[in-house]
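Source file: coords_25.cif (mmCIF, C-alpha atoms)
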```cif
data_protein
#
loop_
_atom_site.label_atom_id
_atom_site.label_comp_id
_atom_site.auth_asym_id
_atom_site.auth_seq_id
_atom_site.Cartn_x
_atom_site.Cartn_y
_atom_site.Cartn_z
CA MET A 17 0.00 0.00 0.00
CA PRO A 18 1.27 3.51 -0.66
CA GLY A 19 2.80 5.40 2.24
CA PRO A 20 2.99 9.10 3.02
CA LYS A 21 3.89 11.63 0.39
CA GLY A 22 7.51 11.26 -0.69
CA TRP A 23 7.94 7.75 0.69
CA GLU A 24 9.45 5.12 -1.54
CA PRO A 25 10.07 1.47 -0.66
CA ASP A 26 13.86 1.86 -0.67
CA ASP A 27 14.08 5.49 0.36
CA ALA A 28 13.02 6.26 3.93
CA PRO A 29 11.96 9.85 4.58
CA LEU A 30 14.40 12.13 6.34
CA LEU A 31 13.91 14.34 9.36
CA GLY A 32 14.58 17.75 7.90
CA GLY A 33 16.76 16.06 5.27
CA ASP A 34 19.32 14.94 7.85
CA VAL A 35 17.99 12.08 9.99
CA PRO A 36 16.62 8.84 8.49
CA PHE A 37 13.17 7.71 9.55
CA ARG A 38 14.43 4.38 10.84
CA PRO A 39 16.28 3.13 13.93
CA MET A 40 19.12 5.60 14.43
CA SER A 41 22.68 5.46 15.67
CA ILE A 42 23.84 7.69 18.52
CA SER A 43 25.59 10.07 16.12
CA GLU A 44 22.46 10.31 13.96
CA MET A 45 20.36 11.27 16.97
CA MET A 46 22.82 13.99 17.95
CA ASP A 47 22.99 15.26 14.37
CA GLY A 48 19.18 15.20 14.27
CA ALA A 49 18.92 17.31 17.43
CA ILE A 50 21.23 19.91 15.88
CA ALA A 51 19.32 19.73 12.57
CA GLY A 52 16.06 20.39 14.41
CA MET A 53 17.54 23.49 16.04
CA ARG A 54 18.87 24.72 12.71
CA ARG A 55 15.67 24.16 10.72
CA HIS A 56 13.23 25.33 13.41
CA PRO A 57 15.17 28.00 15.34
CA ARG A 58 12.12 29.97 16.45
CA ALA A 59 10.37 26.95 17.90
CA THR A 60 13.40 25.34 19.54
CA LEU A 61 15.22 28.43 20.79
CA GLY A 62 12.02 30.32 21.63
CA LEU A 63 10.82 27.51 23.89
CA SER A 64 14.31 27.04 25.31
CA VAL A 65 14.70 30.72 26.19
CA ALA A 66 11.35 30.72 28.00
CA VAL A 67 12.14 27.59 30.03
CA THR A 68 15.74 28.57 30.75
CA THR A 69 14.88 32.12 31.83
CA VAL A 70 12.45 30.91 34.48
CA ILE A 71 14.94 28.34 35.80
CA GLN A 72 17.99 30.62 35.88
CA VAL A 73 16.20 33.63 37.36
CA LEU A 74 14.78 31.39 40.08
CA GLY A 75 18.26 30.00 40.76
CA SER A 76 19.78 33.49 40.95
CA LEU A 77 17.13 34.67 43.40
CA MET A 78 17.73 31.70 45.65
CA ALA A 79 21.50 32.21 45.48
CA TYR A 80 21.16 35.90 46.33
CA TYR A 81 18.96 35.35 49.36
CA LEU A 82 20.97 32.40 50.65
CA LEU A 83 24.46 33.75 49.95
CA GLY A 84 23.74 37.46 49.60
CA PRO A 85 23.39 40.24 52.13
CA GLU A 86 20.12 38.96 53.55
CA ALA A 87 21.66 35.61 54.41
CA SER A 88 25.24 36.38 55.34
CA GLY A 89 25.48 40.09 56.01
CA GLY A 90 27.42 40.87 52.84
CA PHE A 91 28.20 39.14 49.57
CA THR A 92 32.01 38.76 49.54
CA ARG A 93 34.21 36.22 47.88
CA SER A 94 35.62 34.99 51.19
CA LYS A 95 32.14 34.40 52.60
CA PHE A 96 31.12 32.79 49.34
CA TRP A 97 33.86 30.18 49.66
CA GLU A 98 33.22 29.71 53.36
CA SER A 99 29.62 28.61 52.71
CA VAL A 100 30.63 25.47 50.82
CA GLY A 101 27.66 23.46 52.00
CA THR A 102 25.20 26.09 50.83
CA GLN A 103 26.97 26.37 47.49
CA LEU A 104 26.87 22.62 46.95
CA TRP A 105 23.17 22.61 47.81
CA LEU A 106 22.50 25.46 45.39
CA GLY A 107 24.56 23.77 42.71
CA ALA A 108 22.63 20.54 43.12
CA LEU A 109 19.35 22.45 43.07
CA GLY A 110 20.40 24.30 39.93
CA MET A 111 21.29 21.05 38.17
CA THR A 112 17.98 19.56 39.26
CA LEU A 113 16.04 22.51 37.87
CA SER A 114 18.03 22.31 34.62
CA ALA A 115 17.27 18.60 34.31
CA TYR A 116 13.60 19.37 34.87
CA GLY A 117 13.75 22.05 32.18
CA ILE A 118 15.31 19.58 29.75
CA LEU A 119 12.46 17.10 30.32
CA LEU A 120 9.86 19.83 29.80
CA LEU A 121 11.59 20.92 26.63
CA SER A 122 11.76 17.34 25.30
CA GLY A 123 7.97 17.23 25.55
CA PHE A 124 7.68 20.48 23.59
CA LEU A 125 10.21 19.42 20.94
CA GLY A 126 8.69 15.98 20.38
CA PRO A 127 5.90 17.35 18.15
CA VAL A 128 8.31 19.81 16.48
CA LEU A 129 10.65 17.04 15.36
CA GLY A 130 7.79 14.64 14.69
CA ARG A 131 5.93 17.07 12.43
CA SER A 132 9.06 17.77 10.40
CA MET A 133 9.20 14.06 9.57
CA PHE A 134 5.91 14.43 7.71
CA GLU A 135 6.61 17.88 6.23
CA ARG A 136 4.01 19.50 8.47
CA PRO A 137 4.28 22.99 10.03
CA ALA A 138 6.56 23.06 13.08
CA SER A 139 6.40 26.69 14.18
CA LEU A 140 6.57 28.04 17.72
CA ARG A 141 2.81 28.64 17.70
CA GLN A 142 2.18 25.09 16.47
CA ALA A 143 4.47 23.66 19.16
CA TRP A 144 2.54 25.52 21.84
CA ARG A 145 -0.79 24.44 20.35
CA ASP A 146 0.38 20.80 20.33
CA THR A 147 1.68 20.80 23.89
CA ARG A 148 -0.77 23.07 25.70
CA PRO A 149 -3.52 20.42 26.19
CA ARG A 150 -0.95 18.15 27.86
CA LEU A 151 1.12 20.82 29.62
CA GLY A 152 -0.08 19.89 33.09
CA ARG A 153 0.59 16.21 32.56
CA LEU A 154 3.97 16.98 30.99
CA ALA A 155 4.95 19.05 34.04
CA ALA A 156 3.75 16.30 36.39
CA VAL A 157 5.48 13.46 34.53
CA SER A 158 8.74 15.42 34.30
CA ALA A 159 8.56 16.18 38.03
CA VAL A 160 8.00 12.51 38.88
CA VAL A 161 11.01 11.49 36.77
CA ILE A 162 13.23 13.96 38.64
CA LEU A 163 11.77 13.14 42.07
CA ALA A 164 12.10 9.39 41.49
CA ALA A 165 15.76 9.83 40.54
CA LEU A 166 16.41 12.01 43.60
CA LEU A 167 14.65 9.51 45.85
CA GLY A 168 16.82 6.77 44.40
CA LEU A 169 19.88 8.83 45.36
CA ILE A 170 18.69 9.74 48.87
CA LEU A 171 17.44 6.37 50.16
CA PRO A 172 20.80 4.51 50.06
CA LEU A 173 22.48 7.56 51.62
CA ALA A 174 20.05 7.71 54.57
CA PRO A 175 22.04 5.28 56.79
CA PHE A 176 25.23 7.25 56.13
CA ALA A 177 23.55 10.56 57.03
CA MET A 178 22.03 9.14 60.22
CA LEU A 179 25.34 7.66 61.36
CA VAL A 180 27.13 10.95 60.76
CA ALA A 181 24.42 12.89 62.62
CA ALA A 182 24.58 10.47 65.55
CA GLU A 183 28.38 10.83 65.68
CA THR A 184 28.91 7.08 65.80
CA HIS A 185 32.23 5.33 65.25
CA PRO A 186 33.92 6.80 62.12
CA ALA A 187 34.47 3.34 60.66
CA LEU A 188 30.70 2.73 60.53
CA SER A 189 30.10 6.06 58.82
CA VAL A 190 32.85 5.37 56.28
CA LEU A 191 31.46 1.90 55.58
CA ALA A 192 27.93 3.27 55.12
CA GLY A 193 29.28 5.95 52.79
CA VAL A 194 31.35 3.52 50.73
CA ILE A 195 28.25 1.37 50.18
CA GLY A 196 25.57 4.06 50.08
CA ILE A 197 27.11 6.63 47.74
CA PRO A 198 27.75 4.28 44.76
CA ALA A 199 24.40 2.55 45.37
CA GLY A 200 22.57 5.89 45.44
CA LEU A 201 24.22 7.14 42.25
CA ALA A 202 23.51 3.86 40.46
CA LEU A 203 19.85 3.82 41.53
CA MET A 204 19.39 7.49 40.57
CA ILE A 205 20.80 6.90 37.08
CA TRP A 206 18.80 3.70 36.59
CA LEU A 207 15.49 5.35 37.50
CA TYR A 208 16.13 8.44 35.40
CA VAL A 209 17.02 6.42 32.29
CA LEU A 210 14.07 4.10 32.86
CA LEU A 211 11.51 6.94 33.02
CA VAL A 212 13.04 9.68 30.86
CA LEU A 213 11.00 8.83 27.75
CA GLY A 214 7.77 9.57 29.61
CA SER A 215 7.99 13.29 28.77
CA PRO A 216 7.78 12.96 24.97
CA ALA A 217 5.34 10.04 25.33
CA VAL A 218 2.78 12.05 27.32
CA VAL A 219 2.63 14.68 24.57
CA LEU A 220 2.99 12.67 21.37
CA GLU A 221 0.82 9.72 22.42
CA ARG A 222 -1.64 11.94 24.39
CA GLN A 223 -1.12 9.55 27.28
CA THR A 224 -2.45 9.82 30.79
CA PHE A 225 -0.05 10.48 33.66
CA THR A 226 0.35 6.83 34.63
CA GLY A 227 0.16 5.72 31.00
CA ALA A 228 3.17 7.85 30.09
CA LEU A 229 5.27 6.34 32.89
CA ARG A 230 4.26 2.84 31.86
CA ARG A 231 5.15 3.60 28.25
CA ALA A 232 8.54 4.96 29.33
CA THR A 233 9.45 1.77 31.19
CA ALA A 234 8.17 -0.40 28.33
CA LEU A 235 10.20 1.48 25.71
CA SER A 236 13.36 1.47 27.84
CA ARG A 237 13.18 -2.25 28.44
CA GLY A 238 15.97 -4.14 26.68
CA ARG A 239 17.88 -1.01 25.64
CA TRP A 240 18.69 0.57 28.98
CA TRP A 241 22.46 0.59 28.49
CA ARG A 242 22.26 2.12 25.03
CA THR A 243 19.88 4.81 26.27
CA CYS A 244 22.11 5.50 29.25
CA GLY A 245 25.22 5.79 27.06
CA THR A 246 23.47 8.18 24.69
CA LEU A 247 22.25 10.41 27.52
CA LEU A 248 25.65 10.35 29.24
CA LEU A 249 27.49 11.44 26.10
CA THR A 250 24.88 14.13 25.47
CA MET A 251 25.19 15.38 29.04
CA MET A 252 28.97 15.64 28.73
CA ILE A 253 28.64 17.77 25.59
CA THR A 254 25.93 19.88 27.21
CA PHE A 255 27.95 20.37 30.39
CA PHE A 256 31.09 21.43 28.52
CA MET A 257 29.28 23.84 26.22
CA GLY A 258 26.92 25.25 28.86
CA PHE A 259 29.36 25.61 31.74
CA PHE A 260 32.51 26.57 29.89
CA ALA A 261 32.58 27.44 26.20
CA LEU A 262 29.50 29.67 25.95
CA ARG A 263 30.03 31.34 29.32
CA ILE A 264 33.62 32.48 28.76
CA PRO A 265 32.68 35.96 27.41
CA PHE A 266 30.49 36.63 30.44
CA LEU A 267 33.17 35.43 32.86
CA VAL A 268 35.70 37.74 31.21
CA ALA A 269 33.26 40.66 31.46
CA ASP A 270 32.76 39.85 35.14
CA LEU A 271 36.50 40.08 35.81
CA VAL A 272 36.91 43.28 33.79
CA PHE A 273 33.95 45.37 34.96
CA PHE A 274 33.38 44.35 38.57
CA GLU A 275 35.45 44.57 41.72
CA ARG A 276 36.61 41.59 43.73
CA ASP A 277 33.94 42.09 46.42
CA PRO A 278 31.03 44.08 44.91
CA HIS A 279 28.34 45.69 47.05
CA GLY A 280 25.01 47.41 46.53
CA SER A 281 24.01 48.14 42.95
CA GLU A 282 27.28 46.69 41.65
CA LEU A 283 26.39 43.37 43.27
CA VAL A 284 22.99 43.39 41.60
CA LEU A 285 24.60 44.11 38.21
CA LYS A 286 27.12 41.34 38.75
CA ILE A 287 24.38 38.82 39.54
CA ALA A 288 22.35 40.06 36.57
CA LEU A 289 25.33 39.57 34.23
CA ASP A 290 25.92 36.08 35.54
CA THR A 291 22.22 35.26 35.14
CA VAL A 292 22.17 36.52 31.55
CA GLY A 293 25.27 34.45 30.80
CA ARG A 294 23.61 31.33 32.11
CA ILE A 295 20.40 32.06 30.20
CA VAL A 296 22.31 32.53 26.93
CA SER A 297 24.48 29.44 27.34
CA TRP A 298 21.75 27.08 28.54
CA SER A 299 19.22 28.35 25.99
CA VAL A 300 21.58 27.13 23.28
CA VAL A 301 22.51 23.75 24.75
CA LEU A 302 19.20 22.66 26.32
CA PRO A 303 17.41 22.10 22.98
CA PHE A 304 20.26 19.76 21.99
CA ASP A 305 19.82 17.66 25.12
CA ALA A 306 16.01 17.72 24.87
CA GLY A 307 16.11 16.95 21.16
CA VAL A 308 18.22 13.85 21.78
CA ILE A 309 15.65 12.62 24.34
CA ALA A 310 12.84 13.13 21.80
CA LEU A 311 14.82 11.29 19.13
CA LEU A 312 15.56 8.49 21.59
CA TYR A 313 11.80 8.12 21.95
CA PHE A 314 11.42 7.90 18.15
CA ASP A 315 14.26 5.39 17.95
CA ARG A 316 12.76 3.17 20.64
CA ARG A 317 9.34 3.24 18.97
CA MET A 318 10.94 2.08 15.72
CA ARG A 319 13.17 -0.56 17.27
CA ARG A 320 10.69 -2.05 19.70
CA GLU A 321 7.38 -1.60 17.88
CA GLY A 322 8.37 -1.18 14.24
CA LEU A 323 6.74 2.25 13.99
CA ASP A 324 8.61 3.04 10.77
CA LEU A 325 7.36 -0.17 9.13
CA ASP A 326 3.85 0.39 10.44
CA LEU A 327 3.63 3.90 8.99
CA ARG A 328 5.03 2.75 5.66
CA THR A 329 2.18 0.31 5.21
CA ARG A 330 -0.58 2.79 6.07
CA PRO A 331 -2.63 4.38 3.28
CA ALA A 332 -1.41 7.82 2.23
CA GLU A 333 -4.62 9.46 3.46
CA ASP A 334 -3.91 8.18 7.00
CA THR A 335 -0.67 10.14 7.19
CA ALA A 336 -1.74 13.23 5.23
CA PRO A 337 -2.50 16.37 7.26
CA ALA A 338 -6.12 17.38 7.67
CA PRO A 339 -7.26 20.17 5.31
CA ALA A 340 -6.64 23.58 6.81
CA HIS A 341 -10.13 24.81 5.95
CA VAL A 342 -11.90 21.87 7.62
CA PRO A 343 -11.22 22.06 11.37
CA ALA A 344 -11.76 18.94 13.38
CA THR A 345 -14.79 18.85 15.65
CA ASP A 346 -15.94 16.78 18.56
CA ASP A 347 -17.69 14.49 16.09
CA HIS A 348 -14.29 13.36 14.84
CA ALA A 349 -12.91 12.65 18.31
CA GLN A 350 -12.39 8.99 19.06
CA ALA A 351 -11.34 7.26 22.23
CA PRO A 352 -7.97 5.62 21.58
CA ALA A 353 -7.75 1.92 22.20
CA ASP A 354 -4.83 2.34 24.61
CA GLY A 355 -6.91 4.17 27.19
CA SER A 356 -5.59 7.67 26.56
CA THR A 357 -7.88 10.62 26.13
CA ALA A 358 -9.81 11.33 22.99
CA THR A 359 -8.50 13.58 20.27
CA GLU A 360 -8.94 17.26 21.10
CA PRO A 361 -11.01 19.53 18.86
CA GLY A 362 -8.79 21.13 16.23
CA ASP A 363 -6.36 18.18 16.08
CA ASP A 364 -5.27 17.53 12.49
CA GLY A 365 -4.74 13.82 13.06
CA PHE A 366 -1.01 14.13 13.67
CA PHE A 367 -1.13 12.53 17.10
CA ASP A 368 -3.04 9.52 15.79
CA LEU A 369 0.20 8.53 14.05
CA TRP A 370 1.98 8.15 17.38
CA ARG A 371 -0.61 6.35 19.47
CA PRO A 372 0.61 2.78 20.04
CA SER A 373 -1.46 0.11 18.38
CA PRO A 374 -2.65 -2.62 20.79
CA LEU A 375 -2.13 -5.15 18.00
CA ILE A 376 1.48 -4.22 17.17
CA THR A 377 4.31 -4.67 19.64
CA SER A 378 6.79 -5.91 17.05
CA PRO A 379 6.84 -5.80 13.25
CA TYR A 380 6.91 -9.60 13.19
CA PRO A 381 5.22 -11.85 15.78
CA GLY A 382 7.74 -12.88 18.42
CA VAL A 383 10.62 -11.00 16.72
CA PRO A 384 11.76 -7.66 18.20
CA HIS A 385 12.66 -4.82 15.87
CA ASP A 386 15.91 -4.01 17.72
CA HIS A 387 18.22 -3.77 14.74
#
```
Would you give me this structure, written as structure tokens?
Amino acid sequence: MPGPKGWEPDDAPLLGGDVPFRPMSISEMMDGAIAGMRRHPRATLGLSVAVTTVIQVLGSLMAYYLLGPEASGGFTRSKFWESVGTQLWLGALGMTLSAYGILLLSGFLGPVLGRSMFERPASLRQAWRDTRPRLGRLAAVSAVVILAALLGLILPLAPFAMLVAAETHPALSVLAGVIGIPAGLALMIWLYVLLVLGSPAVVLERQTFTGALRRATALSRGRWWRTCGTLLLTMMITFFMGFFALRIPFLVADLVFFERDPHGSELVLKIALDTVGRIVSWSVVLPFDAGVIALLYFDRRMRREGLDLDLRTRPAEDTAPAPAHVPATDDHAQAPADGSTATEPGDDGFFDLWRPSPLITSPYPGVPHDH
């Protein structure tokens, strides 16, 4: 049967002309994330700036009130370095908020990258229209992913913290730390990788809250190590670009224009410059990280469920966009077989392409599509 427009049996469609619509290698997913940023800069960077600004401004306010004049009687470099525990806490909180922002952005970018596969509009307005009905669920699912990972880190460390607080024999505290710290890190990473695909799933598949988490665990099954390796490599690139390369001009400006221990209005300007630097750097790198997560979702759908083969065999009218002059109405809404909510009014049928079929878990009975 004929497939979507432009599909040929031996010529899979490309995502923006750069990423094949088939199971992808790690390098292809990274190239695809960059291609999505290049071909849809308003959608990707516009969403990224909005998410990053909220996160970084919130982080700067917390840093100012915890390390600034209100908290320590004066914001000086010596006092800054003396409050190591507070800095570590703020750093961890900042990384947590950034990770949460990445998950939110992966939900926004899922439809952007998905629509480009079918040559459909992928503007900033369209991205907002696609995500808005599921924004609450996206925020909740992303929060659960982060909280589950943090809980996995904290639980194995609880005995160590209690022993230290009780001032027991140092050997017991050391033993608890040697066991608890690696166990906590391992459990945190395992839970994050297991659930990370829930953010794009809740938007693209129009899943419920629990349905998105179930889909994430199902898609991660059997490819956990590959997913973990992809995310780790992406994080390393993001960390280097966000923390070092893109922030160098702002760090130089900080050294040139501000004194060693600023006060008053100069302190406010210094914090503002640092905040702008973080917004600029993270606004550029976050869409890359989020785009890789969205493409990992696509890759797992193709490998585990044969989504690419399924869409190739559908009639062309099933993958063609709805006419612009005929808006969808409630009469067209159908309850999906997987238990997710019905199609919203105004949907052009795009999300029907991504809802998992209850009859297809592999392109061939008993044979996984993990090639």
**OP:** Go through the shown structure with the PyMOL selection byres ((chain A and resi 210-227) around 6) and write out the matching residues as an NGL selection string.
**Re:** :A and (122-123 or 126 or 150 or 153-154 or 158 or 161 or 207-209 or 228-230 or 232-233 or 236 or 310 or 313 or 356 or 367 or 370-371)
Subject >> Separation of CA of His56 (chain A) from CA of Ser139 (chain A) in Å >> reply: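 The value is 7.0 Å.
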Original post:
Which of these, A:Phe37, A:Tyr116, A:Phe134, A:Phe366, has the shortest distance to Val70 (chain A) once you count all atoms listed in the file?
Top reply: A:Tyr116
**OP:** Point out the residue among A:Gln72, A:Thr246, A:Thr291, A:Thr112 with the least atom-to-atom distance to Leu166 (chain A), counting all atoms listed in the file.
**Re:**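 Closest to Leu166 (chain A), using all atoms listed in the file: A:Thr112.
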Original post:
So what do you get for CA of Ile295 (chain A) versus CA of Val308 (chain A), distance-wise?
Top reply: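 Pair CA of Ile295 (chain A) / CA of Val308 (chain A) returns 20.2 Å.
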Subject >> Pairwise distance for CA of Arg54 (chain A) and CA of Thr69 (chain A), rounded to one decimal in Å >> reply: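 That distance, rounded to one decimal, is 20.9 Å.
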Original post:
Which neighbours of Ile170 (chain A) fall inside 12 Å, counting all atoms listed in the file, when residues of the same chain fewer than 4 positions from it are skipped, and could you give them as a ChimeraX atom specification?
Top reply: /A:163-166,174-178,193,196-204
Those same residues, written as a compact mmCIF listing (two decimals), in the frame of the given file with C-alpha atoms?
```
# COMPACT_ATOMS: atom_id res chain seq x y z
CA LEU A 163 11.77 13.14 42.07
CA ALA A 164 12.10 9.39 41.49
CA ALA A 165 15.76 9.83 40.54
CA LEU A 166 16.41 12.01 43.60
CA ALA A 174 20.05 7.71 54.57
CA PRO A 175 22.04 5.28 56.79
CA PHE A 176 25.23 7.25 56.13
CA ALA A 177 23.55 10.56 57.03
CA MET A 178 22.03 9.14 60.22
CA GLY A 193 29.28 5.95 52.79
CA GLY A 196 25.57 4.06 50.08
CA ILE A 197 27.11 6.63 47.74
CA PRO A 198 27.75 4.28 44.76
CA ALA A 199 24.40 2.55 45.37
CA GLY A 200 22.57 5.89 45.44
CA LEU A 201 24.22 7.14 42.25
CA ALA A 202 23.51 3.86 40.46
CA LEU A 203 19.85 3.82 41.53
CA MET A 204 19.39 7.49 40.57
```
Would you save region 146-161 of chain A to a file, keeping N, CA and C atoms, as a CSV table (one decimal), in the first residue's frame?
```
chain,number,residue,atom,x,y,z
A,146,ASP,N,0.3,22.2,20.2
A,146,ASP,CA,0.4,20.8,20.3
A,146,ASP,C,0.6,20.4,21.8
A,147,THR,N,1.3,21.2,22.5
A,147,THR,CA,1.7,20.8,23.9
A,147,THR,C,0.7,21.3,24.9
A,148,ARG,N,0.1,22.4,24.7
A,148,ARG,CA,-0.8,23.1,25.7
A,148,ARG,C,-1.8,22.1,26.3
A,149,PRO,N,-2.5,21.3,25.5
A,149,PRO,CA,-3.5,20.4,26.2
A,149,PRO,C,-2.9,19.4,27.1
A,150,ARG,N,-1.6,19.1,27.0
A,150,ARG,CA,-0.9,18.2,27.9
A,150,ARG,C,0.1,18.8,28.7
A,151,LEU,N,0.1,20.1,28.9
A,151,LEU,CA,1.1,20.8,29.6
A,151,LEU,C,1.1,20.4,31.1
A,152,GLY,N,0.0,20.3,31.7
A,152,GLY,CA,-0.1,19.9,33.1
A,152,GLY,C,0.5,18.5,33.3
A,153,ARG,N,0.1,17.6,32.4
A,153,ARG,CA,0.6,16.2,32.6
A,153,ARG,C,2.1,16.1,32.3
A,154,LEU,N,2.5,16.9,31.3
A,154,LEU,CA,4.0,17.0,31.0
A,154,LEU,C,4.8,17.5,32.2
A,155,ALA,N,4.3,18.5,32.8
A,155,ALA,CA,4.9,19.1,34.0
A,155,ALA,C,5.0,18.0,35.2
A,156,ALA,N,3.8,17.3,35.3
A,156,ALA,CA,3.8,16.3,36.4
A,156,ALA,C,4.7,15.1,36.1
A,157,VAL,N,4.6,14.6,34.9
A,157,VAL,CA,5.5,13.5,34.5
A,157,VAL,C,7.0,13.8,34.7
A,158,SER,N,7.3,15.0,34.2
A,158,SER,CA,8.7,15.4,34.3
A,158,SER,C,9.2,15.5,35.8
A,159,ALA,N,8.3,16.1,36.6
A,159,ALA,CA,8.6,16.2,38.0
A,159,ALA,C,8.7,14.8,38.7
A,160,VAL,N,7.9,13.9,38.3
A,160,VAL,CA,8.0,12.5,38.9
A,160,VAL,C,9.3,11.9,38.5
A,161,VAL,N,9.7,12.1,37.2
A,161,VAL,CA,11.0,11.5,36.8
A,161,VAL,C,12.2,12.0,37.6
```
